[in-house]
Amino acid sequence: MRIIHTSDWHLGQYFYGKSRAAEHQAFMHWLLSQIEQHQVDALIIAGDIFDTGTPPSYARALYNQFIVQIQQSGCQLIILGGNHDSVSTLNESRHLLACLNTTVIPGAFDSISEHVIPLKNRQGEVGAILCGLPFLRPRDMVLSESGESSTDKQRKLGDAISDLYQQCFEQACALNATLAAPVAIVATGHLTTVGASTSESVRDIYIGSLDAFNASHFPPADYIALGHIHRPQVVAKSEHIRYSGSPIPLSFDELSSQHQGNKSVFLVEFTEGKLHSVTPLMVPLFQPMQVLKGDLASIEQQLSVFDDKLTGEQTTWLSIEISQQDYLSDLQSRIAELTQDKAVEVLQLKRARSQRQQHIKQLDNETLSELSVSQVFARRLAQEQFETDAQQAQLSRIKQCFEQVVAEVESDRNSQETAASHVLQESTHTSKLTEKTIDNAQDGEQA
């Protein structure tokens with residue numbers, strides 16, 4: 001039994017105003033060829049088939065076109081709803097698509113049995129059993145009660161999700177027991193697990209107050225196909241629990257290098273009812289994208305390797321990160337001048353945060369009460385760069401001015417403390433005289 005695990009297609013996404021339709025079309029064509037080449041029995045899309053709950057018409061057309069085309073391969077298709085997907089949008093064609101060997105699970109069903117699905121191989125035999133769980137919305141899982149603390153709500157919700165997984169797994173085991181020979185059990189999910197590595201394009205999802213699900217609460221399925229995180233990765237050092245990642249880069253930071261993405265789908269093979277292998281199938285980068293970093297001189301040198309712009313030629317989308325900190329007011333125009341005759345298109349232009357600033361943000365448990373005035377000032381200076389002679393001279397003047405201000409404040413404080421001390425001494429002396437006068441008066445009365 002062979003399945004392909006993929007997720008997070010985000011059909012209909014606009015990337016800095018650019019449509020991804022051509023990339024998605026190319027990916028679908030590539031994926032169909034992989035299904036045919038490897039004789040895949042089932043394809044699982046673990047959530048976020050669309051980028052929004054109201055996808056544009058061309059995204060719906062791509063969706064329907066793919067479902068029709070995959071039928072020619074004889075591969076079973078399972079589509080699960082993600083946090084970006086609308087339950088009603090996916091649900092509206094669910095029964096129609098069931099006639100095309102396609103199972104759509106838009107959200108949590110009332111019956112557990114609807115989440116437990118036999119997966120058949122190309123010979124028509126049951127080759128695996130799927131516990132198909134989509135993105136689980138809070139209202140589908142628990143009811144809020146008055147007086148509950150956030151900790152109680154988080155524990156209650158985590159327990160509810162764990163229980164749902166366990167119930168599905170138990171029903172899958174019961175179905176497995178009725179078969180002539182046991183088959184593998186596959187589970188799915190669209191959520192964040194503890195320790196997963198995210199990217200800029202991943203929008204944080206919180207199931208109620210639950211921000212991440214502990215992987216130890218998954219049932220002992222043979223393979224767990226997850227979605228929502230766009231970087232392909234193994235979860236909790238468990239080879240059978242994986243995020244497939246998105247098939248195309250949905251943000252520049254998802255590029256593994258300046259020249260290619262690291263996108264993949266997983267080819268999962270089972271033999272004799274057990275997991276045999278998980279093989280990443282690397283997805284080509286259908287739209288050239290690169291990240292360029294450095295100062296202006298370095299950026300100019302990196303741009304020189306690009307060809308001159310030709311009519312009809314595919315351009316490379318660029319993210320340019322300027323490292324120097326001299327705050328050039330004409331930065332936009334200078335980059336435009338450097339790229340105007342090149343086969344590139346700058347979609348993102350930003351300044352880099354200095355490594356020292358990032359280091360400061362990594363300091364944990366450091367509060368103002370623990371720092372002196374000079375230390376606070378030093379932390380702020382560390383966020384800037386003073387590299388040239390002129391900048392070093394400026395730094396010297398800044399430090400000198402700061403020392404003068406501190407000295408003046410300290411002088412004023414000392415003067416105030418001295419005056420306060422004199423007042424306190426006079427007050428103490430007056431108090432003592434008053435007490436002595438009262439005591440003398442009381443002694444005279446007694447005499």
# chains A, B, ... in the order shown; residues from 1 in each chain; ligands from 1
>>> residues_around(residues="A:Thr178", least_positions_apart="6", cutoff="12 Å", atoms="only C-alpha atoms", output="tab-separated table (two decimals) with N, CA, C and O atoms, in the first residue's frame")
chain	number	residue	atom	x	y	z
A	126	VAL	N	-8.72	-3.58	0.90
A	126	VAL	CA	-8.41	-2.63	1.96
A	126	VAL	C	-6.93	-2.75	2.30
A	126	VAL	O	-6.45	-3.79	2.74
A	129	ILE	N	-6.30	1.69	7.04
A	129	ILE	CA	-7.50	2.31	7.63
A	129	ILE	C	-7.11	3.71	8.10
A	129	ILE	O	-6.10	3.89	8.79
A	171	GLN	N	-11.94	2.51	17.09
A	171	GLN	CA	-12.87	2.05	16.06
A	171	GLN	C	-12.12	1.49	14.86
A	171	GLN	O	-12.55	0.52	14.23
A	172	ALA	N	-10.98	2.10	14.53
A	172	ALA	CA	-10.15	1.60	13.43
A	172	ALA	C	-9.60	0.22	13.76
A	172	ALA	O	-9.55	-0.67	12.90
>>> residues_around(residues="A:Gly12", least_positions_apart="2", cutoff="10 Å", atoms="only C-alpha atoms", output="list of chain:residue names")
A:Trp9, A:His10, A:Tyr14, A:Phe15, A:Ser19, A:Arg20, A:Ala21, A:His24, A:Ile49, A:Phe50, A:Asp51, A:Thr52, A:Thr54, A:Pro55, A:Pro56, A:Ser57, A:Tyr58, A:Ala59, A:Arg60, A:Leu62
>>> select_by_dssp(residues="stretch 70-141 of chain A", states="alpha helix (DSSP H)", output="list in words")
Ile70, Val87, Ser88, Thr89, Leu90, Asn91, Arg94, His95, Leu96, Leu97, Pro138, Arg139, Asp140 and Met141 of chain A
>>> write_last_selection(atoms="N, CA and C atoms", output="mmCIF file, in the first residue's frame")
data_model
loop_
_atom_site.group_PDB
_atom_site.id
_atom_site.type_symbol
_atom_site.label_atom_id
_atom_site.label_comp_id
_atom_site.auth_asym_id
_atom_site.auth_seq_id
_atom_site.Cartn_x
_atom_site.Cartn_y
_atom_site.Cartn_z
ATOM 1 N N ILE A 70 -7.339 13.232 -11.293
ATOM 2 C CA ILE A 70 -6.756 12.148 -10.497
ATOM 3 C C ILE A 70 -7.546 10.848 -10.666
ATOM 4 N N VAL A 87 -15.680 25.284 6.383
ATOM 5 C CA VAL A 87 -16.370 23.994 6.488
ATOM 6 C C VAL A 87 -17.512 23.929 5.485
ATOM 7 N N SER A 88 -18.272 25.012 5.359
ATOM 8 C CA SER A 88 -19.422 25.021 4.449
ATOM 9 C C SER A 88 -18.987 24.943 2.985
ATOM 10 N N THR A 89 -17.872 25.606 2.651
ATOM 11 C CA THR A 89 -17.381 25.565 1.269
ATOM 12 C C THR A 89 -16.974 24.157 0.873
ATOM 13 N N LEU A 90 -16.240 23.471 1.748
ATOM 14 C CA LEU A 90 -15.836 22.099 1.449
ATOM 15 C C LEU A 90 -17.019 21.138 1.502
ATOM 16 N N ASN A 91 -17.965 21.426 2.375
ATOM 17 C CA ASN A 91 -19.085 20.509 2.587
ATOM 18 C C ASN A 91 -20.089 20.528 1.440
ATOM 19 N N ARG A 94 -19.275 17.817 -1.021
ATOM 20 C CA ARG A 94 -18.734 16.588 -0.430
ATOM 21 C C ARG A 94 -19.425 15.333 -0.971
ATOM 22 N N HIS A 95 -20.737 15.325 -1.023
ATOM 23 C CA HIS A 95 -21.466 14.133 -1.451
ATOM 24 C C HIS A 95 -21.305 13.902 -2.951
ATOM 25 N N LEU A 96 -21.193 14.972 -3.714
ATOM 26 C CA LEU A 96 -20.975 14.832 -5.149
ATOM 27 C C LEU A 96 -19.602 14.236 -5.429
ATOM 28 N N LEU A 97 -18.578 14.712 -4.699
ATOM 29 C CA LEU A 97 -17.219 14.240 -4.922
ATOM 30 C C LEU A 97 -17.035 12.803 -4.450
ATOM 31 N N PRO A 138 -12.832 24.882 18.376
ATOM 32 C CA PRO A 138 -13.196 24.771 19.799
ATOM 33 C C PRO A 138 -14.658 24.424 20.024
ATOM 34 N N ARG A 139 -15.532 25.054 19.229
ATOM 35 C CA ARG A 139 -16.971 24.811 19.433
ATOM 36 C C ARG A 139 -17.369 23.375 19.126
ATOM 37 N N ASP A 140 -16.536 22.673 18.358
ATOM 38 C CA ASP A 140 -16.820 21.276 18.033
ATOM 39 C C ASP A 140 -16.361 20.320 19.126
ATOM 40 N N MET A 141 -15.546 20.824 20.061
ATOM 41 C CA MET A 141 -14.903 19.940 21.019
ATOM 42 C C MET A 141 -15.441 20.063 22.438
#
>>> closest_residue(among="A:Ile248, A:Asp412, A:Lys237, A:Ala180", to="A:Met28", atoms="only C-alpha atoms")
A:Ile248
>>> closest_residue(among="A:Ser396, A:Lys293, A:Gly107, A:Ser264", to="A:Leu281", atoms="only C-alpha atoms")
A:Ser264
>>> atom_distance(atom1="atom CA of A:His276", atom2="atom CA of A:Met1")
9.8 Å
>>> residues_around(residues="A:Pro232", least_positions_apart="6", cutoff="7 Å", atoms="only C-alpha atoms", output="compact mmCIF listing (two decimals) with all heavy atoms, in the first residue's frame")
# COMPACT_ATOMS: atom_id res chain seq x y z
N TYR A 243 5.05 16.36 9.42
CA TYR A 243 4.44 17.42 8.63
C TYR A 243 5.03 17.32 7.22
O TYR A 243 6.26 17.26 7.06
CB TYR A 243 4.77 18.80 9.20
CG TYR A 243 4.03 19.16 10.46
CD1 TYR A 243 4.64 19.08 11.70
CD2 TYR A 243 2.72 19.61 10.40
CE1 TYR A 243 3.96 19.43 12.86
CE2 TYR A 243 2.02 19.97 11.55
CZ TYR A 243 2.65 19.88 12.78
OH TYR A 243 1.98 20.22 13.92
N SER A 244 4.19 17.32 6.22
CA SER A 244 4.70 17.27 4.84
C SER A 244 5.15 18.65 4.39
O SER A 244 6.00 18.77 3.50
CB SER A 244 3.62 16.75 3.90
OG SER A 244 2.52 17.66 3.85
N GLY A 245 4.57 19.71 4.97
CA GLY A 245 4.89 21.06 4.54
C GLY A 245 4.09 21.44 3.30
O GLY A 245 3.43 20.60 2.67
>>> atom_distance(atom1="atom CA of A:Arg242", atom2="atom CA of A:Leu226")
5.9 Å
>>> atom_distance(atom1="atom CA of A:Leu267", atom2="atom CA of A:Ile241")
13.4 Å
>>> select_by_dssp(residues="stretch 71-254 of chain A", states="strand (DSSP E or B)", output="compact mmCIF listing (two decimals) with all heavy atoms, in the first residue's frame")
# COMPACT_ATOMS: atom_id res chain seq x y z
N GLN A 76 -7.16 6.90 -4.83
CA GLN A 76 -8.18 7.43 -3.93
C GLN A 76 -7.71 8.76 -3.35
O GLN A 76 -6.53 8.92 -3.00
CB GLN A 76 -8.45 6.43 -2.81
CG GLN A 76 -9.60 6.82 -1.88
CD GLN A 76 -9.88 5.73 -0.84
OE1 GLN A 76 -9.25 4.67 -0.85
NE2 GLN A 76 -10.82 6.00 0.06
N LEU A 77 -8.62 9.73 -3.23
CA LEU A 77 -8.27 11.06 -2.75
C LEU A 77 -9.00 11.36 -1.45
O LEU A 77 -10.22 11.17 -1.36
CB LEU A 77 -8.62 12.11 -3.81
CG LEU A 77 -8.41 13.59 -3.44
CD1 LEU A 77 -6.95 13.87 -3.10
CD2 LEU A 77 -8.88 14.49 -4.58
N ILE A 78 -8.26 11.83 -0.45
CA ILE A 78 -8.84 12.24 0.84
C ILE A 78 -8.43 13.68 1.11
O ILE A 78 -7.25 14.02 1.13
CB ILE A 78 -8.37 11.34 2.00
CG1 ILE A 78 -8.83 9.90 1.79
CG2 ILE A 78 -8.93 11.85 3.33
CD1 ILE A 78 -7.82 9.06 1.03
N ILE A 79 -9.42 14.54 1.30
CA ILE A 79 -9.19 15.97 1.54
C ILE A 79 -9.73 16.32 2.92
O ILE A 79 -10.90 16.08 3.22
CB ILE A 79 -9.87 16.84 0.47
CG1 ILE A 79 -9.31 16.52 -0.92
CG2 ILE A 79 -9.70 18.32 0.79
CD1 ILE A 79 -10.07 17.19 -2.05
N LEU A 80 -8.87 16.90 3.75
CA LEU A 80 -9.28 17.31 5.10
C LEU A 80 -9.27 18.83 5.21
O LEU A 80 -8.39 19.49 4.64
CB LEU A 80 -8.35 16.69 6.15
CG LEU A 80 -8.37 15.17 6.16
CD1 LEU A 80 -7.02 14.63 5.74
CD2 LEU A 80 -8.77 14.62 7.51
N THR A 102 -13.50 10.34 -4.03
CA THR A 102 -12.90 11.40 -3.22
C THR A 102 -13.67 11.56 -1.91
O THR A 102 -14.90 11.74 -1.93
CB THR A 102 -12.91 12.75 -3.98
OG1 THR A 102 -12.12 12.61 -5.16
CG2 THR A 102 -12.35 13.87 -3.12
N THR A 103 -12.95 11.50 -0.80
CA THR A 103 -13.56 11.69 0.52
C THR A 103 -13.15 13.04 1.06
O THR A 103 -11.95 13.34 1.17
CB THR A 103 -13.10 10.59 1.49
OG1 THR A 103 -13.48 9.30 0.96
CG2 THR A 103 -13.74 10.78 2.86
N VAL A 104 -14.12 13.87 1.39
CA VAL A 104 -13.87 15.20 1.94
C VAL A 104 -14.34 15.22 3.39
O VAL A 104 -15.49 14.88 3.68
CB VAL A 104 -14.59 16.30 1.14
CG1 VAL A 104 -14.30 17.67 1.74
CG2 VAL A 104 -14.15 16.27 -0.33
N ILE A 105 -13.45 15.60 4.30
CA ILE A 105 -13.79 15.73 5.72
C ILE A 105 -13.56 17.19 6.10
O ILE A 105 -12.46 17.59 6.47
CB ILE A 105 -12.93 14.79 6.59
CG1 ILE A 105 -13.04 13.35 6.09
CG2 ILE A 105 -13.34 14.89 8.07
CD1 ILE A 105 -12.17 12.36 6.85
N VAL A 116 -13.55 7.34 10.30
CA VAL A 116 -12.78 6.10 10.11
C VAL A 116 -13.09 5.56 8.72
O VAL A 116 -14.23 5.16 8.44
CB VAL A 116 -13.11 5.06 11.20
CG1 VAL A 116 -12.32 3.80 10.99
CG2 VAL A 116 -12.84 5.65 12.58
N ILE A 117 -12.08 5.58 7.84
CA ILE A 117 -12.30 5.30 6.42
C ILE A 117 -11.33 4.22 5.93
O ILE A 117 -10.11 4.35 6.10
CB ILE A 117 -12.08 6.59 5.59
CG1 ILE A 117 -12.99 7.70 6.12
CG2 ILE A 117 -12.31 6.34 4.12
CD1 ILE A 117 -12.53 9.07 5.72
N PRO A 118 -11.83 3.17 5.29
CA PRO A 118 -10.93 2.18 4.68
C PRO A 118 -10.27 2.77 3.43
O PRO A 118 -10.93 3.42 2.61
CB PRO A 118 -11.87 1.03 4.30
CG PRO A 118 -13.15 1.29 5.04
CD PRO A 118 -13.24 2.76 5.20
N LEU A 119 -8.98 2.58 3.31
CA LEU A 119 -8.25 2.99 2.11
C LEU A 119 -7.95 1.75 1.29
O LEU A 119 -7.36 0.80 1.79
CB LEU A 119 -6.94 3.70 2.50
CG LEU A 119 -7.07 4.98 3.35
CD1 LEU A 119 -5.69 5.55 3.65
CD2 LEU A 119 -7.95 6.01 2.67
N LYS A 120 -8.35 1.78 0.03
CA LYS A 120 -8.20 0.60 -0.82
C LYS A 120 -7.02 0.76 -1.77
O LYS A 120 -6.72 1.86 -2.23
CB LYS A 120 -9.48 0.34 -1.60
CG LYS A 120 -10.65 -0.03 -0.71
CD LYS A 120 -11.89 -0.38 -1.52
CE LYS A 120 -13.05 -0.78 -0.60
NZ LYS A 120 -14.26 -1.15 -1.38
N VAL A 126 -8.72 -3.58 0.90
CA VAL A 126 -8.41 -2.63 1.96
C VAL A 126 -6.93 -2.75 2.30
O VAL A 126 -6.45 -3.79 2.74
CB VAL A 126 -9.27 -2.88 3.22
CG1 VAL A 126 -8.85 -1.91 4.34
CG2 VAL A 126 -10.74 -2.70 2.90
N GLY A 127 -6.18 -1.65 2.08
CA GLY A 127 -4.75 -1.68 2.33
C GLY A 127 -4.34 -0.90 3.57
O GLY A 127 -3.22 -1.05 4.07
N ALA A 128 -5.25 -0.06 4.07
CA ALA A 128 -4.99 0.71 5.29
C ALA A 128 -6.32 1.26 5.79
O ALA A 128 -7.32 1.27 5.06
CB ALA A 128 -4.00 1.85 5.03
N ILE A 129 -6.30 1.69 7.04
CA ILE A 129 -7.50 2.31 7.63
C ILE A 129 -7.11 3.71 8.10
O ILE A 129 -6.10 3.89 8.79
CB ILE A 129 -8.04 1.48 8.81
CG1 ILE A 129 -8.44 0.10 8.33
CG2 ILE A 129 -9.23 2.18 9.45
CD1 ILE A 129 -8.86 -0.85 9.45
N LEU A 130 -7.92 4.68 7.71
CA LEU A 130 -7.62 6.09 8.00
C LEU A 130 -8.47 6.61 9.14
O LEU A 130 -9.69 6.45 9.14
CB LEU A 130 -7.86 6.94 6.75
CG LEU A 130 -7.62 8.45 6.91
CD1 LEU A 130 -6.12 8.73 7.07
CD2 LEU A 130 -8.18 9.22 5.73
N CYS A 131 -7.82 7.23 10.13
CA CYS A 131 -8.51 8.03 11.15
C CYS A 131 -8.38 9.48 10.70
O CYS A 131 -7.40 10.16 11.03
CB CYS A 131 -7.87 7.83 12.53
SG CYS A 131 -7.93 6.14 13.14
N ALA A 184 -2.31 -1.46 8.03
CA ALA A 184 -1.80 -0.30 8.75
C ALA A 184 -2.92 0.68 9.08
O ALA A 184 -3.91 0.78 8.35
CB ALA A 184 -0.72 0.39 7.92
N ILE A 185 -2.74 1.39 10.19
CA ILE A 185 -3.68 2.45 10.58
C ILE A 185 -2.98 3.79 10.45
O ILE A 185 -1.90 4.00 10.99
CB ILE A 185 -4.19 2.24 12.02
CG1 ILE A 185 -4.98 0.92 12.11
CG2 ILE A 185 -5.05 3.42 12.45
CD1 ILE A 185 -5.49 0.61 13.50
N VAL A 186 -3.61 4.69 9.70
CA VAL A 186 -3.05 6.02 9.44
C VAL A 186 -3.96 7.05 10.09
O VAL A 186 -5.18 6.99 9.96
CB VAL A 186 -2.95 6.29 7.93
CG1 VAL A 186 -2.40 7.69 7.67
CG2 VAL A 186 -2.08 5.24 7.25
N ALA A 187 -3.37 8.01 10.81
CA ALA A 187 -4.14 9.11 11.42
C ALA A 187 -3.70 10.43 10.78
O ALA A 187 -2.60 10.54 10.22
CB ALA A 187 -3.92 9.15 12.93
N THR A 188 -4.56 11.42 10.87
CA THR A 188 -4.24 12.73 10.32
C THR A 188 -4.52 13.81 11.37
O THR A 188 -5.11 13.55 12.42
CB THR A 188 -5.06 13.05 9.06
OG1 THR A 188 -6.44 13.21 9.44
CG2 THR A 188 -4.93 11.95 8.02
N GLY A 189 -4.11 15.02 11.08
CA GLY A 189 -4.38 16.14 11.97
C GLY A 189 -3.96 17.43 11.30
O GLY A 189 -3.06 17.45 10.45
N HIS A 190 -4.62 18.52 11.67
CA HIS A 190 -4.22 19.85 11.19
C HIS A 190 -4.12 20.73 12.42
O HIS A 190 -5.11 21.31 12.88
CB HIS A 190 -5.24 20.39 10.18
CG HIS A 190 -4.76 21.63 9.48
ND1 HIS A 190 -4.04 21.60 8.32
CD2 HIS A 190 -4.89 22.94 9.81
CE1 HIS A 190 -3.74 22.84 7.95
NE2 HIS A 190 -4.25 23.67 8.84
N THR A 193 1.98 21.12 16.77
CA THR A 193 2.48 20.25 17.83
C THR A 193 3.62 20.95 18.56
O THR A 193 4.24 21.89 18.05
CB THR A 193 2.98 18.91 17.27
OG1 THR A 193 3.98 19.17 16.28
CG2 THR A 193 1.85 18.13 16.66
N ILE A 207 -6.48 26.46 19.34
CA ILE A 207 -7.74 25.76 19.56
C ILE A 207 -8.19 26.12 20.97
O ILE A 207 -7.77 25.52 21.95
CB ILE A 207 -7.58 24.23 19.40
CG1 ILE A 207 -6.91 23.92 18.06
CG2 ILE A 207 -8.92 23.54 19.49
CD1 ILE A 207 -6.59 22.46 17.87
N LEU A 210 -5.54 26.36 23.65
CA LEU A 210 -4.51 25.36 23.37
C LEU A 210 -3.67 25.82 22.18
O LEU A 210 -4.15 25.87 21.06
CB LEU A 210 -5.15 24.00 23.08
CG LEU A 210 -4.21 22.82 22.90
CD1 LEU A 210 -3.52 22.48 24.21
CD2 LEU A 210 -4.97 21.61 22.37
N PHE A 213 -0.33 21.02 20.58
CA PHE A 213 -0.77 19.72 21.05
C PHE A 213 0.45 18.84 21.30
O PHE A 213 1.38 18.80 20.49
CB PHE A 213 -1.68 19.08 19.99
CG PHE A 213 -2.29 17.77 20.40
CD1 PHE A 213 -3.31 17.72 21.33
CD2 PHE A 213 -1.86 16.58 19.84
CE1 PHE A 213 -3.90 16.52 21.70
CE2 PHE A 213 -2.43 15.37 20.19
CZ PHE A 213 -3.45 15.34 21.13
N TYR A 223 1.22 5.52 11.02
CA TYR A 223 1.71 6.76 10.43
C TYR A 223 0.71 7.88 10.75
O TYR A 223 -0.50 7.66 10.75
CB TYR A 223 1.86 6.63 8.90
CG TYR A 223 2.46 7.85 8.24
CD1 TYR A 223 3.83 8.09 8.29
CD2 TYR A 223 1.65 8.78 7.59
CE1 TYR A 223 4.38 9.22 7.69
CE2 TYR A 223 2.19 9.90 6.98
CZ TYR A 223 3.56 10.13 7.04
OH TYR A 223 4.10 11.25 6.47
N ILE A 224 1.24 9.07 11.05
CA ILE A 224 0.38 10.22 11.37
C ILE A 224 0.75 11.35 10.41
O ILE A 224 1.86 11.89 10.46
CB ILE A 224 0.53 10.65 12.83
CG1 ILE A 224 0.14 9.49 13.76
CG2 ILE A 224 -0.33 11.88 13.12
CD1 ILE A 224 0.28 9.79 15.23
N ALA A 225 -0.19 11.69 9.54
CA ALA A 225 0.01 12.70 8.50
C ALA A 225 -0.55 14.04 8.97
O ALA A 225 -1.77 14.18 9.13
CB ALA A 225 -0.67 12.27 7.21
N LEU A 226 0.35 15.00 9.20
CA LEU A 226 -0.07 16.29 9.76
C LEU A 226 0.03 17.41 8.74
O LEU A 226 0.82 17.37 7.79
CB LEU A 226 0.81 16.63 10.97
CG LEU A 226 0.76 15.65 12.14
CD1 LEU A 226 1.73 16.09 13.24
CD2 LEU A 226 -0.65 15.52 12.69
N GLY A 227 -0.79 18.43 8.97
CA GLY A 227 -0.76 19.65 8.17
C GLY A 227 -0.77 20.86 9.07
O GLY A 227 -0.94 20.76 10.29
N GLN A 233 8.90 18.19 8.23
CA GLN A 233 9.68 17.84 9.41
C GLN A 233 9.10 16.63 10.14
O GLN A 233 7.92 16.30 10.01
CB GLN A 233 9.76 19.02 10.38
CG GLN A 233 8.41 19.58 10.81
CD GLN A 233 8.53 20.95 11.44
OE1 GLN A 233 8.88 21.06 12.62
NE2 GLN A 233 8.26 21.99 10.67
N VAL A 234 9.99 16.00 10.89
CA VAL A 234 9.61 14.89 11.77
C VAL A 234 9.23 15.47 13.12
O VAL A 234 9.85 16.43 13.60
CB VAL A 234 10.78 13.90 11.92
CG1 VAL A 234 10.48 12.85 12.98
CG2 VAL A 234 11.08 13.25 10.58
N VAL A 235 8.20 14.94 13.76
CA VAL A 235 7.71 15.45 15.03
C VAL A 235 8.18 14.56 16.18
O VAL A 235 8.07 13.34 16.11
CB VAL A 235 6.16 15.53 15.03
CG1 VAL A 235 5.64 15.96 16.40
CG2 VAL A 235 5.70 16.50 13.96
N SER A 238 9.98 11.19 16.08
CA SER A 238 9.23 9.98 15.72
C SER A 238 9.08 9.96 14.21
O SER A 238 8.37 10.81 13.64
CB SER A 238 7.85 9.97 16.39
OG SER A 238 8.00 10.02 17.80
N GLU A 239 9.73 9.03 13.55
CA GLU A 239 9.75 8.98 12.09
C GLU A 239 8.36 8.82 11.48
O GLU A 239 8.14 9.17 10.32
CB GLU A 239 10.66 7.84 11.61
CG GLU A 239 12.14 8.06 11.90
CD GLU A 239 12.71 9.23 11.12
OE1 GLU A 239 12.28 9.44 9.96
OE2 GLU A 239 13.58 9.94 11.66
N HIS A 240 7.42 8.29 12.25
CA HIS A 240 6.09 8.04 11.70
C HIS A 240 5.13 9.21 11.92
O HIS A 240 3.98 9.14 11.48
CB HIS A 240 5.50 6.77 12.32
CG HIS A 240 5.10 6.92 13.76
ND1 HIS A 240 6.02 7.09 14.77
CD2 HIS A 240 3.88 6.94 14.35
CE1 HIS A 240 5.39 7.20 15.93
NE2 HIS A 240 4.09 7.11 15.70
N ILE A 241 5.59 10.28 12.58
CA ILE A 241 4.75 11.47 12.77
C ILE A 241 5.41 12.61 12.01
O ILE A 241 6.51 13.05 12.36
CB ILE A 241 4.61 11.84 14.26
CG1 ILE A 241 4.15 10.64 15.09
CG2 ILE A 241 3.63 12.99 14.43
CD1 ILE A 241 4.06 10.92 16.58
N ARG A 242 4.74 13.12 10.98
CA ARG A 242 5.38 14.09 10.10
C ARG A 242 4.44 15.18 9.61
O ARG A 242 3.25 14.95 9.41
CB ARG A 242 5.98 13.38 8.87
CG ARG A 242 7.10 12.41 9.20
CD ARG A 242 7.69 11.85 7.93
NE ARG A 242 8.78 10.91 8.23
CZ ARG A 242 10.00 11.00 7.73
NH1 ARG A 242 10.31 11.98 6.91
NH2 ARG A 242 10.92 10.09 8.03
N TYR A 243 5.05 16.36 9.42
CA TYR A 243 4.44 17.42 8.63
C TYR A 243 5.03 17.32 7.22
O TYR A 243 6.26 17.26 7.06
CB TYR A 243 4.77 18.80 9.20
CG TYR A 243 4.03 19.16 10.46
CD1 TYR A 243 4.64 19.08 11.70
CD2 TYR A 243 2.72 19.61 10.40
CE1 TYR A 243 3.96 19.43 12.86
CE2 TYR A 243 2.02 19.97 11.55
CZ TYR A 243 2.65 19.88 12.78
OH TYR A 243 1.98 20.22 13.92
>>> residues_around(residues="A:Gly74", least_positions_apart="6", cutoff="12 Å", atoms="only C-alpha atoms", output="mmCIF file with N, CA and C atoms, in the first residue's frame")
data_model
loop_
_atom_site.group_PDB
_atom_site.id
_atom_site.type_symbol
_atom_site.label_atom_id
_atom_site.label_comp_id
_atom_site.auth_asym_id
_atom_site.auth_seq_id
_atom_site.Cartn_x
_atom_site.Cartn_y
_atom_site.Cartn_z
ATOM 1 N N LEU A 32 0.484 14.521 -10.272
ATOM 2 C CA LEU A 32 -0.194 13.447 -10.998
ATOM 3 C C LEU A 32 0.817 12.504 -11.649
ATOM 4 N N ILE A 35 2.166 10.252 -8.904
ATOM 5 C CA ILE A 35 1.179 9.231 -8.537
ATOM 6 C C ILE A 35 1.217 8.083 -9.537
ATOM 7 N N GLU A 36 1.342 8.438 -10.814
ATOM 8 C CA GLU A 36 1.386 7.415 -11.859
ATOM 9 C C GLU A 36 2.711 6.652 -11.815
ATOM 10 N N GLN A 39 2.788 4.453 -8.691
ATOM 11 C CA GLN A 39 1.588 3.631 -8.512
ATOM 12 C C GLN A 39 1.000 3.825 -7.110
ATOM 13 N N VAL A 40 0.704 5.070 -6.799
ATOM 14 C CA VAL A 40 0.186 5.447 -5.478
ATOM 15 C C VAL A 40 -1.277 5.050 -5.371
ATOM 16 N N ASP A 41 -1.658 4.498 -4.209
ATOM 17 C CA ASP A 41 -3.028 4.025 -3.992
ATOM 18 C C ASP A 41 -3.938 5.108 -3.415
ATOM 19 N N ALA A 42 -3.374 5.999 -2.594
ATOM 20 C CA ALA A 42 -4.204 7.035 -1.970
ATOM 21 C C ALA A 42 -3.394 8.307 -1.771
ATOM 22 N N LEU A 43 -4.048 9.438 -1.958
ATOM 23 C CA LEU A 43 -3.442 10.754 -1.740
ATOM 24 C C LEU A 43 -4.177 11.435 -0.596
ATOM 25 N N ILE A 67 -9.410 17.064 -9.072
ATOM 26 C CA ILE A 67 -10.212 15.913 -8.633
ATOM 27 C C ILE A 67 -10.637 15.066 -9.834
ATOM 28 N N VAL A 68 -10.972 15.728 -10.927
ATOM 29 C CA VAL A 68 -11.352 14.996 -12.143
ATOM 30 C C VAL A 68 -10.137 14.270 -12.730
ATOM 31 N N LEU A 100 -16.725 10.418 -7.045
ATOM 32 C CA LEU A 100 -15.487 10.455 -7.823
ATOM 33 C C LEU A 100 -14.316 9.908 -7.006
ATOM 34 N N ASN A 101 -14.592 8.948 -6.126
ATOM 35 C CA ASN A 101 -13.564 8.293 -5.320
ATOM 36 C C ASN A 101 -12.794 9.298 -4.457
ATOM 37 N N THR A 102 -13.504 10.340 -4.027
ATOM 38 C CA THR A 102 -12.903 11.403 -3.223
ATOM 39 C C THR A 102 -13.670 11.564 -1.914
ATOM 40 N N LYS A 120 -8.353 1.777 0.031
ATOM 41 C CA LYS A 120 -8.195 0.598 -0.816
ATOM 42 C C LYS A 120 -7.023 0.758 -1.772
ATOM 43 N N ASN A 121 -6.359 -0.353 -2.048
ATOM 44 C CA ASN A 121 -5.276 -0.329 -3.025
ATOM 45 C C ASN A 121 -5.848 -0.467 -4.430
ATOM 46 N N ARG A 122 -4.953 -0.545 -5.400
ATOM 47 C CA ARG A 122 -5.400 -0.586 -6.786
ATOM 48 C C ARG A 122 -6.089 -1.901 -7.156
ATOM 49 N N GLN A 123 -5.942 -2.896 -6.304
ATOM 50 C CA GLN A 123 -6.638 -4.167 -6.536
ATOM 51 C C GLN A 123 -8.023 -4.181 -5.895
ATOM 52 N N GLY A 124 -8.404 -3.064 -5.260
ATOM 53 C CA GLY A 124 -9.711 -2.977 -4.636
ATOM 54 C C GLY A 124 -9.770 -3.546 -3.236
#
